[in-house]
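Q: This structure is in structure tokens; I'll ask about it shortly.
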Amino acid sequence: MSRTDEMEESAAPLIEHLAELRTRLIRSVLALLVGISICFIPIGGDFIAVHILNFLLSPIEASLRALGDPSPTLQYTSPQEYLFTLFRISMVFGFAMAFPVIAFQMWRFVAPGLYKNEKGAFLPFMVASPFMFLLGATFAHFVVTPLAMSFFLGFADVSSIFANLLGNTPELPADAVVVPETQEGIKVTFFGKVNESLDITLKFIIAFGLCFQLPVLLTLMGKAGLVSADGLGSVRKYAMVGILVLAALVTPPDVVTQLILFTVVYGLYEVSIFLVRRVEAKREAQLRAEGYYDDEDEPADEAPAAKRPFEDEEDPEDDPLLKEFDEDEDDEDDGMVDKTS
């Protein structure tokens, strides 16, 4: 076989893997494009992306109405801003809808290189990860974001420029935009932009979705032997400080919101310790069943006595070759003593 044939034969598996990777990537991109296209299907006179935008901005609407604004309003200041906002929403939720297909394609590409036990260990984490992210996103949207919006918007003197107009100008149309007159000072009002308000909501969703990945990440690391339940328990006080810092950075300077985040994330940390301990107990039971487990923590009074060297072997003093060698050395020593004398 020539050198060229050897090179072509060794390169064939790599070419096959690259071809399979290309196929998986093409299918994933097509699934993403389908998800993006679904967001632009019109329903009820508006695109699905518009309904998703209204859903994401509902905490701001509820906060404004609670502060006395009868007509919450957001604006966009450039012609393309609203369209790009809808496209951004379609990208995020298109990826969410296409994630099952993308995850399946990733699994089909990686699975042939895994052992059977590795497949059984890795597959549950692929299912648990999107579920925990969805749980964190739901918590952020329905609990954290309304509290944050109430805190931020509570600093404005007037929730919207429409607040003081009702009843004072009956001759104007209901949808007229009029700035209220002021005798002195500056009237502080909220007239937010669509993309900036959406950016705050998405940041909360992503941040809490990632925080809820803590049990999945630590359990996977425990299964790989990178962390232990005792180790996580020993650094519990440092984890509490880190979670408090995270709560101060992610949430607004509101004690209630920070306490809610700290309670939830620290609870997830304790759940992670419990899951890692279960993984360790299961691994220990499996090793005991296979006869590979070594009881290193066995008490000293119950531990078997240490064996002396050659205890299970034949006594070296009974070896005839060693006896003959010792006799020869004794004879040589006696001859040297005679000569010197």
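Ligands are numbered from 1 in the order shown, chains are lettered A, B, ... in the order of the structure tokens, and residues start at 1 in each chain.
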Listing only residues of segment 191-282 of chain A within 12 Å of segment 67-90 of chain A, what is the closest atom pair and its distance in Å (to one decimal) for each, using only C-alpha atoms, sorted by chain and residue number ascending, as CSV?
A:
```
residue,atom,partner,partner_atom,distance
A:Phe191,CA,A:Leu74,CA,6.0
A:Gly192,CA,A:Leu74,CA,5.0
A:Lys193,CA,A:Gln75,CA,4.7
A:Val194,CA,A:Leu74,CA,5.7
A:Asn195,CA,A:Thr85,CA,6.0
A:Glu196,CA,A:Tyr76,CA,9.5
A:Ser197,CA,A:Leu74,CA,8.5
A:Leu198,CA,A:Thr85,CA,8.3
A:Asp199,CA,A:Thr85,CA,9.6
A:Thr201,CA,A:Ile89,CA,11.5
A:Leu202,CA,A:Ile89,CA,9.5
```
Q: Quick check for you: according to DSSP on this backbone, which residues of segment 15-247 of chain A are classed as strand (DSSP E)? Reply as number ranges by chain.
A: A: 42-43, 46-47
Q: Work out how far apart atom CA of Met240 of chain A and atom CA of Val216 of chain A are and give it in Å to one decimal.
A: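 Result for atom CA of Met240 of chain A versus atom CA of Val216 of chain A: 18.7 Å, one decimal.
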Q: Which residue out of A:Lys237, A:Gln286, A:His141, A:His51 has the minimum interatomic distance to Lys203 of chain A when only C-alpha atoms are used?
A: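 Of all the options, A:His141 lies closest to Lys203 of chain A.
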Q: As a list in words, please: the residues near Phe104 of chain A (cut-off 10 Å, only C-alpha atoms, same-chain neighbours under 4 positions excluded).
A: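 What passes the distance filter is Arg24, Ser28, Phe99, Pro100, Arg108, Phe109, Val110 and Met126 of chain A.
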Q: If we count only C-alpha atoms and set the cut-off at 9 Å, which residues sit around Tyr269 of chain A, ignoring sequence neighbours fewer than 5 positions away in its own chain? Please answer as a ChimeraX atom specification.
A: /A:214-215,218,232,236,239,264,274
Q: Report, in Å with one decimal, the straight-line distance from atom CA of Ala224 of chain A to atom CA of Gly267 of chain A.
A: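 Atom CA of Gly267 of chain A lies at a distance of 22.6 Å from atom CA of Ala224 of chain A.
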Q: Find, counting only C-alpha atoms, the residue in A:Val256, A:Ile43, A:Ile273, A:Ile102 that gets nearest to Met221 of chain A.
A: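 Checking each of A:Val256, A:Ile43, A:Ile273, A:Ile102 against Met221 of chain A, counting only C-alpha atoms, the winner is A:Ile273.
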Q: Hey, what does DSSP flag as alpha helix (DSSP H) within segment 90-283 of chain A? Can you give it to me as a PyMOL selection string?
A: chain A and resi 90-110+116-139+145-153+194-211+214-223+229-234+236-250+255-283
